[in-house]
Structure formats: C-alpha cells, structure tokens
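In what follows, a single structure is set out as structure tokens and then discussed.
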Amino acid sequence: MGLPSIGETPVGERFRRLSLEDCHETASPADGLGGLTPTTVSSLEDWSISTVLCLRCQGSTSEGVAMLGVGIDWAEEFHLVALGRPGEGVFDVARVEHNPRSLDALIARIAELEPDPAEVRVVLETSYGMLVERLLDAGYAVVPVNPDLVARRRGPAKTKDDAEDARIACRIALDRFERLRVLVPHGDQAAELRAITRDDERAARDERRLLNRLRADLIATFPAALTIAGDDMGTPTFLRMLERWPAANALAAASRDEIVGFARSGRHGWPDRFADQVQTAVEVDNFVARDWLVRAKTDTIRLLATQLLTLGAQRRVWERRMGELLLGAPRHGRTKQPKGDQRGPAVPGGEIYLSFPGLGDRLAARVAAEIGDITNFDTPNGLQCYAGKAPVTRRSGKHELVVANRLACNGHLRDAVQQWAFCSLRGSGWAREFYDTQRTRGKGHHAALRALGNRWLEVLWHCLTHHLAYNENAHVANRNRALNKAA
C-alpha cells in the first residue's frame, strides 16, 4: 500500500517509530563546536560534522523550544517527506509529487506546523535542484548530507527503504543539526559561476576522452596526421583539417594551393609553412590501413573532430564569461582589462583571486566558485580541510603517527587547488623554493603540490578576509620573518 500524499495522512496512521540510532551520538556537547575530531575520516559527512567549524542556526536550539524537523528522501518524480519534533520524534510521513503545486502544498503544510521558517530544519541527500531552491526560498535551514550518513543509520540489516530513509533524515535534523553544515546560497553571480566552472570541468574531461579516441583512430588509419599535429592535437586548424580530409588518401590528393588556402581561411599564422608540413608528413613512408578500416573510420574521425571543435569553442565562451563574472565586466583591448565605467555586479573577491600567481580566469573561477563565501570558514584550517589539503593524522595506542591524504573533501576544489599549486611554480619564487624543499625531503610530486596548495589556501584566506590583493614581496617578507622567529 502506497504512502498517502501530503495533507492526506490520518491521525491514526502517523508514524511514531524511533530506533536505537536516535540515542547514538559521536560527540558530546561539552566537546565544543564540531565535537570530537575522529581519528579516521570515512566519508564526507564525518568531515563535515567533526573537522570543520559549522554554521549554527539563528533560531534557538534549547530543549523545549518548538522546532520542526523535515527529512526528505528525494527522487526525480516524487519525494517522501518525514516530519518530526524533538519531543515526539517522527509523527508523519507523506509522499509529495515533484511539481510546483505539490511543493507549494508541502510548504503550506510545514507553515501550519511551524510558522517561523528559522525553526524548520530540512535534511536531504542533495544540495541542488528545484526542490532545494524552493526550500531555500521559503527561508528554511537546508542541510544537505552525504548518503553514507543515512546508510550507516539503517540498522544491522542495512535494509533500503525510501520511507525509512526519510525518517532517518528527519531524526538527523532533530538530533545532529548543530554538527552539520547549513547550505548557504551563493547569490546569482556566484551560483552562475559555479555552474559554468563545473560544466567546463566536465567538458575538459570529455575533451581528453575524445582526443584519446581520435588518437587511437589516427594511429590505426592515418598515422601521418599525428606527425602534422605534433604535441597538440587540439588545435582548431588541425581539427578542421580532419573535418575536411579525414583520411590519408584524401589529404594526399589535395594540392598545395588548396592546403594554403585552407590554412589562410582558418587564420593560420603561417599558411605556407603549414602546407609544407602537411606535404612532408604525407610523403613519409607510413603504414597503409586496409580499405574497409579506412571507410569505417572516416566518418568517426570527422565526427570526433567536429565534437572537439564544438567543445573548444564553447569552453572559450565559458572562459570569457568566467572573467566577466570575476571582474564585473568583459575584458577589452590589448591589456585584457574591463573598462572602469562598465563594471557591474561581480563575484566577491574576484580581483583578489586573479592577483595570485598561477590563477587565470578559468582556474581562478573554479577556486572562487567552490569556496563561495569566505565567511563560512572561521579559520584557514577550515578552508584547508574543505579543499582536502590539510592532512589527516591517525594515532591510536602503541601505533605510530600516520599522516594520510584527506579524501573527505570538496573534490572540485581539491583538484583546482592542486592545479593552482602546479601553475604557481613558474610565477612565484617562494612557491618554487617551497616545492623544491619538499622534494628534497623525500616527498613525491603530488605530495609536494598538496603541501604547497595548503600554504596557498592559508594566504588566500587571509587576503580574502582582509580584502587585500596578493603581494609577492609582502608575503615573502612575512614568511622570512616567521621562519627567522622559528629558527
């Protein structure tokens, strides 16, 4: 028998079940904000509960104050919603269809039970989507959690049931809210920036995947094309060449004047040199693929070249938009700087991000989009943990101290900071010196970059907090002063 829709649950059928999990807590209130720090971090939720300072709800959390907990097991077509109070536990579970009318009915039902939106706490397993936006617009405190947290509270049998997951989420809202991170809206510019940067990141992975497929097909049927491409197969001129001549025999039949005209129409800087390079590669003695394989791969190569050209063009559009969101206006002229009278709303601290060595428009946008509001992090360590650059230490009994890589973090920010640390090696003298010191101590390449990224995040936190652009000379002076004191 299906669950009734919202507003149709009879009083006699309301759920009042609690489990032993309601009594299980990982830390006591006396441990302070965040509770005990675990010796191991097995999931993102362990990190978000115990190792980063969390945001507190503005409403009262004292015992006896009316507060409504809402747990939602979401899906594409419908959601299961559990409602509960601290003294009563879960008292209602209902099904809500995923459409505007049903969501409005849900919000109206919640408003009847608790008129003050600040006293409504919603726990669900996602941080984006229409459902989340409607809940945020209603003024509720939305707490996205890792699905593993719900899975660990299902009991010994680990039975998966959507209604039970909604009840577990509701009990989490009632019992563990203070140790969970509240979802803070980023604002229109920052939200757009995050969406663009994540799409660009996925497009970059698609680009690498398509380039690998293209390379494999060219090795099998058109090895001369790899000689023409050299170290960069993603250049627009080369991809347009494959669109027009996707096979070796088709390119060999083209005249030199035809190739020069093609390169000139594509705005190649040296069309004659490109034509000579093509003819030299075609005349080299290469393996000749069988006719049936060439016929089969011709359309595939043309398709891959078209896809890569489309991806590259869109990524360039996104990159220009990233710079516009960071600076508040598009770049102009040779200086690539926006005009002063054209500046509009921008992401807070956009110019500060761009002042750091190694951060261009694309990489700075990725870092800024994932960090969001810097006031969410009370200390640099909170930001370092969120980015996965602060190491995890494990110490138990007679076991020796083990420092491990932090896996529970924001993966998008972790990858962006790792790339930032690598790009900063050429633009920052102290960064290069720090990296070389880590390597001489026996650390590997990626471990040294993680340590450098950890230092960069600390500097970034101070610059954003004090609204100061990065200054290499000032930072080097401060760093040397601190090192001399330590010595």
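Ordered as shown in the structure tokens, chains take letters A, B, and onward, while each chain numbers its residues from 1 and ligands are numbered from 1 in the order shown.
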Members of range 120-174 of chain A assigned alpha helix (DSSP H) by DSSP, as a PyMOL selection string: chain A and resi 130-137+147-152+162-174
Determine, counting only C-alpha atoms, which protein, DNA and RNA residues have an atom within 8 Å of an atom of Arg171 in chain A; residues of the same chain fewer than 6 positions away are not included. Present the result as a ChimeraX atom specification. /A:22,69,71,84,89-90
Which residues of range 123-237 of chain A come within 12 Å of range 249-255 of chain A, and for each one, what is the closest pair of atoms and their distance in Å to one decimal, counting only C-alpha atoms, sorted by chain and residue number, as a Markdown table?
| residue | atom | partner | partner_atom | distance |
| --- | --- | --- | --- | --- |
| A:Thr221 | CA | A:Asn249 | CA | 10.4 |
| A:Phe222 | CA | A:Asn249 | CA | 9.1 |
| A:Pro223 | CA | A:Asn249 | CA | 11.8 |
| A:Ala224 | CA | A:Leu251 | CA | 9.8 |
| A:Ala225 | CA | A:Leu251 | CA | 9.5 |
| A:Ile228 | CA | A:Leu251 | CA | 11.6 |
Write down as an MDAnalysis selection string the residues of range 73-173 of chain A whose backbone DSSP state falls under strand (DSSP E). chainID A and resid 73 78:85 89:97 120:124 141:144
List the spatial neighbours of Ser428 in chain A as a ChimeraX atom specification - criterion: any atom at most 12 Å away, only C-alpha atoms, same-chain residues fewer than 6 positions off excluded. /A:355-359,420-422,434-435,452,456,470-473,475-476
For the residues in the current selection, export N, CA and C atoms as an mmCIF file, in the first residue's frame.
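As a result, result.cif now contains:
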data_model
loop_
_atom_site.group_PDB
_atom_site.id
_atom_site.type_symbol
_atom_site.label_atom_id
_atom_site.label_comp_id
_atom_site.auth_asym_id
_atom_site.auth_seq_id
_atom_site.Cartn_x
_atom_site.Cartn_y
_atom_site.Cartn_z
ATOM 1 N N SER A 355 44.713 38.086 -8.560
ATOM 2 C CA SER A 355 46.017 38.653 -8.219
ATOM 3 C C SER A 355 47.042 37.588 -7.840
ATOM 4 N N PHE A 356 46.618 36.352 -7.636
ATOM 5 C CA PHE A 356 47.549 35.299 -7.230
ATOM 6 C C PHE A 356 48.255 34.705 -8.441
ATOM 7 N N PRO A 357 49.549 34.398 -8.316
ATOM 8 C CA PRO A 357 50.260 33.752 -9.424
ATOM 9 C C PRO A 357 49.704 32.362 -9.678
ATOM 10 N N GLY A 358 49.566 32.031 -10.960
ATOM 11 C CA GLY A 358 49.055 30.718 -11.338
ATOM 12 C C GLY A 358 47.562 30.657 -11.536
ATOM 13 N N LEU A 359 46.841 31.741 -11.215
ATOM 14 C CA LEU A 359 45.389 31.759 -11.358
ATOM 15 C C LEU A 359 45.007 32.669 -12.521
ATOM 16 N N TRP A 420 46.380 24.674 -9.300
ATOM 17 C CA TRP A 420 46.881 26.008 -8.970
ATOM 18 C C TRP A 420 48.297 25.926 -8.414
ATOM 19 N N ALA A 421 48.540 24.997 -7.511
ATOM 20 C CA ALA A 421 49.881 24.853 -6.939
ATOM 21 C C ALA A 421 50.904 24.555 -8.031
ATOM 22 N N PHE A 422 50.532 23.724 -8.989
ATOM 23 C CA PHE A 422 51.469 23.398 -10.081
ATOM 24 C C PHE A 422 51.726 24.621 -10.961
ATOM 25 N N PHE A 434 59.656 26.401 -2.010
ATOM 26 C CA PHE A 434 58.944 25.513 -1.089
ATOM 27 C C PHE A 434 58.768 24.127 -1.706
ATOM 28 N N TYR A 435 58.413 24.080 -2.988
ATOM 29 C CA TYR A 435 58.226 22.793 -3.669
ATOM 30 C C TYR A 435 59.536 22.006 -3.718
ATOM 31 N N LEU A 452 52.107 22.532 -0.918
ATOM 32 C CA LEU A 452 52.144 23.906 -1.431
ATOM 33 C C LEU A 452 50.728 24.477 -1.539
ATOM 34 N N TRP A 456 49.074 27.911 0.009
ATOM 35 C CA TRP A 456 48.388 28.909 -0.794
ATOM 36 C C TRP A 456 46.998 29.208 -0.237
ATOM 37 N N TYR A 470 46.880 39.995 -3.476
ATOM 38 C CA TYR A 470 48.129 39.309 -3.136
ATOM 39 C C TYR A 470 49.324 40.141 -3.572
ATOM 40 N N ASN A 471 50.313 40.221 -2.696
ATOM 41 C CA ASN A 471 51.561 40.925 -2.980
ATOM 42 C C ASN A 471 52.708 39.974 -2.670
ATOM 43 N N GLU A 472 53.448 39.612 -3.704
ATOM 44 C CA GLU A 472 54.520 38.624 -3.535
ATOM 45 C C GLU A 472 55.592 39.123 -2.573
ATOM 46 N N ASN A 473 56.001 40.371 -2.705
ATOM 47 C CA ASN A 473 57.070 40.895 -1.850
ATOM 48 C C ASN A 473 56.643 40.937 -0.383
ATOM 49 N N HIS A 475 54.383 39.049 1.055
ATOM 50 C CA HIS A 475 54.272 37.685 1.589
ATOM 51 C C HIS A 475 55.648 37.091 1.862
ATOM 52 N N VAL A 476 56.599 37.317 0.972
ATOM 53 C CA VAL A 476 57.947 36.779 1.185
ATOM 54 C C VAL A 476 58.564 37.388 2.440
#
10 Å contact set for Ala75 in chain A, only C-alpha atoms, chain neighbours under 3 positions out, as a ChimeraX atom specification: /A:72,78-80,97-98,131,162
Mind writing the picked residues with C-alpha atoms as a short mmCIF file (atom, residue, chain, number, x, y, z; two decimals), in the first residue's frame?
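Output file result_3.cif follows:
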data_model
loop_
_atom_site.label_atom_id
_atom_site.label_comp_id
_atom_site.auth_asym_id
_atom_site.auth_seq_id
_atom_site.Cartn_x
_atom_site.Cartn_y
_atom_site.Cartn_z
CA ILE A 72 13.26 14.18 2.60
CA PHE A 78 8.23 12.17 -6.24
CA HIS A 79 9.68 12.64 -2.75
CA LEU A 80 8.97 11.04 0.62
CA GLU A 97 4.92 14.68 -6.20
CA HIS A 98 7.66 16.64 -7.93
CA LEU A 131 13.32 21.13 -4.62
CA ASP A 162 12.68 5.09 0.99
#
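Distances to Leu311 in chain A were evaluated for A:Arg205, A:Arg273, A:Arg295, A:Arg343 using only C-alpha atoms, and the minimum falls at A:Arg205.
Across the model, the gap from CA of Met67 in chain A to CA of Glu114 in chain A is 7.2 Å.
Distances from A:Thr310, A:Arg302, A:Thr465, A:Gly139 to Pro380 in chain A were compared using only C-alpha atoms, and the smallest one belongs to A:Thr465.
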Distance query Glu243 in chain A at most 8 Å, only C-alpha atoms, self and fewer than 6 positions along chain excluded, as a compact mmCIF listing (two decimals) with N, CA and C atoms, in the first residue's frame:
# COMPACT_ATOMS: atom_id res chain seq x y z
N ILE A 301 36.29 9.73 -37.52
CA ILE A 301 37.30 10.78 -37.34
C ILE A 301 36.69 12.15 -37.59
N ARG A 302 35.86 12.27 -38.61
CA ARG A 302 35.21 13.56 -38.89
C ARG A 302 34.29 13.95 -37.73
N LEU A 303 33.55 12.98 -37.18
CA LEU A 303 32.66 13.25 -36.05
C LEU A 303 33.45 13.71 -34.83
N ALA A 305 36.39 15.12 -34.73
CA ALA A 305 36.94 16.46 -34.96
C ALA A 305 35.86 17.53 -34.78
N THR A 306 34.65 17.25 -35.25
CA THR A 306 33.56 18.21 -35.09
C THR A 306 33.20 18.39 -33.62
What's around Pro345 in chain A at 12 Å? Count only C-alpha atoms, leave out sequence neighbours fewer than 2 positions away in its own chain, and write the answer as a PyMOL selection string. chain A and resi 187-190+324-330+342-343+347-350
Dump of N, CA and C atoms for the selected residues, as a tab-separated table (two decimals), in the first residue's frame:
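Listing of again-v2.tsv after writing:
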chain	number	residue	atom	x	y	z
A	187	GLY	N	24.32	33.36	-4.11
A	187	GLY	CA	23.97	34.55	-4.88
A	187	GLY	C	23.96	34.23	-6.36
A	188	ASP	N	23.38	35.13	-7.15
A	188	ASP	CA	23.20	34.86	-8.58
A	188	ASP	C	24.54	34.72	-9.30
A	189	GLN	N	25.46	35.67	-9.08
A	189	GLN	CA	26.73	35.62	-9.81
A	189	GLN	C	27.55	34.40	-9.41
A	190	ALA	N	27.66	34.14	-8.12
A	190	ALA	CA	28.46	33.01	-7.66
A	190	ALA	C	27.83	31.68	-8.07
A	324	GLU	N	34.30	37.71	-16.91
A	324	GLU	CA	33.31	38.77	-16.72
A	324	GLU	C	32.66	38.68	-15.34
A	325	LEU	N	32.40	37.47	-14.86
A	325	LEU	CA	31.79	37.32	-13.54
A	325	LEU	C	32.78	37.67	-12.43
A	326	LEU	N	34.05	37.41	-12.64
A	326	LEU	CA	35.04	37.73	-11.62
A	326	LEU	C	35.30	39.24	-11.53
A	327	LEU	N	35.29	39.91	-12.67
A	327	LEU	CA	35.65	41.32	-12.70
A	327	LEU	C	34.45	42.25	-12.78
A	328	GLY	N	33.28	41.71	-13.14
A	328	GLY	CA	32.10	42.54	-13.26
A	328	GLY	C	31.88	43.13	-14.63
A	329	ALA	N	32.78	42.86	-15.59
A	329	ALA	CA	32.65	43.39	-16.95
A	329	ALA	C	33.57	42.58	-17.86
A	330	PRO	N	33.27	42.52	-19.14
A	330	PRO	CA	34.15	41.78	-20.06
A	330	PRO	C	35.48	42.50	-20.26
A	342	GLN	N	32.10	50.37	-17.05
A	342	GLN	CA	31.21	49.29	-17.44
A	342	GLN	C	31.07	48.21	-16.37
A	343	ARG	N	31.66	48.39	-15.23
A	343	ARG	CA	31.65	47.34	-14.22
A	343	ARG	C	30.27	47.21	-13.59
A	347	VAL	N	31.48	38.59	-8.62
A	347	VAL	CA	31.69	37.67	-7.51
A	347	VAL	C	32.57	38.36	-6.47
A	348	PRO	N	32.21	38.33	-5.19
A	348	PRO	CA	33.04	38.98	-4.17
A	348	PRO	C	34.47	38.44	-4.17
A	349	GLY	N	35.44	39.36	-4.18
A	349	GLY	CA	36.84	38.96	-4.15
A	349	GLY	C	37.39	38.49	-5.48
A	350	GLY	N	36.70	38.77	-6.58
A	350	GLY	CA	37.17	38.27	-7.88
A	350	GLY	C	38.55	38.78	-8.24
Need the shell around Leu124 in chain A: protein/DNA/RNA residues with any atom at most 7 Å away, counting only C-alpha atoms. Skip same-chain ones fewer than 2 positions apart. Format as a PDB file with N, CA and C atoms, in the first residue's frame?
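So the final result, stored in part-v3.pdb, reads:
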ATOM      1  N   GLY A  71      12.687  15.557   7.077  1.00  0.00           N
ATOM      2  CA  GLY A  71      13.589  14.672   6.350  1.00  0.00           C
ATOM      3  C   GLY A  71      12.986  14.304   5.016  1.00  0.00           C
ATOM      4  N   ILE A  72      13.771  14.412   3.950  1.00  0.00           N
ATOM      5  CA  ILE A  72      13.262  14.178   2.597  1.00  0.00           C
ATOM      6  C   ILE A  72      14.133  13.148   1.902  1.00  0.00           C
ATOM      7  N   ASP A  73      13.496  12.100   1.415  1.00  0.00           N
ATOM      8  CA  ASP A  73      14.143  11.155   0.508  1.00  0.00           C
ATOM      9  C   ASP A  73      13.685  11.535  -0.905  1.00  0.00           C
ATOM     10  N   VAL A 122      15.648  21.196   7.449  1.00  0.00           N
ATOM     11  CA  VAL A 122      15.393  20.199   6.414  1.00  0.00           C
ATOM     12  C   VAL A 122      16.689  19.461   6.108  1.00  0.00           C
ATOM     13  N   THR A 126      20.854  15.923  -1.185  1.00  0.00           N
ATOM     14  CA  THR A 126      21.311  16.674  -2.347  1.00  0.00           C
ATOM     15  C   THR A 126      21.420  18.139  -1.970  1.00  0.00           C
ATOM     16  N   VAL A 143      19.934  21.397   5.098  1.00  0.00           N
ATOM     17  CA  VAL A 143      21.182  20.722   5.469  1.00  0.00           C
ATOM     18  C   VAL A 143      21.388  19.531   4.538  1.00  0.00           C
ATOM     19  N   PRO A 144      22.182  19.669   3.486  1.00  0.00           N
ATOM     20  CA  PRO A 144      22.482  18.503   2.647  1.00  0.00           C
ATOM     21  C   PRO A 144      23.472  17.579   3.348  1.00  0.00           C
ATOM     22  N   VAL A 145      23.233  16.279   3.286  1.00  0.00           N
ATOM     23  CA  VAL A 145      24.094  15.309   3.948  1.00  0.00           C
ATOM     24  C   VAL A 145      24.568  14.282   2.936  1.00  0.00           C
ATOM     25  N   ALA A 169      16.465  10.730   7.959  1.00  0.00           N
ATOM     26  CA  ALA A 169      16.859  12.111   7.678  1.00  0.00           C
ATOM     27  C   ALA A 169      16.173  13.075   8.631  1.00  0.00           C
TER      28      ALA A 169
END
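Of note, CA of His462 in chain A and CA of Arg479 in chain A are spaced 13.5 Å apart.
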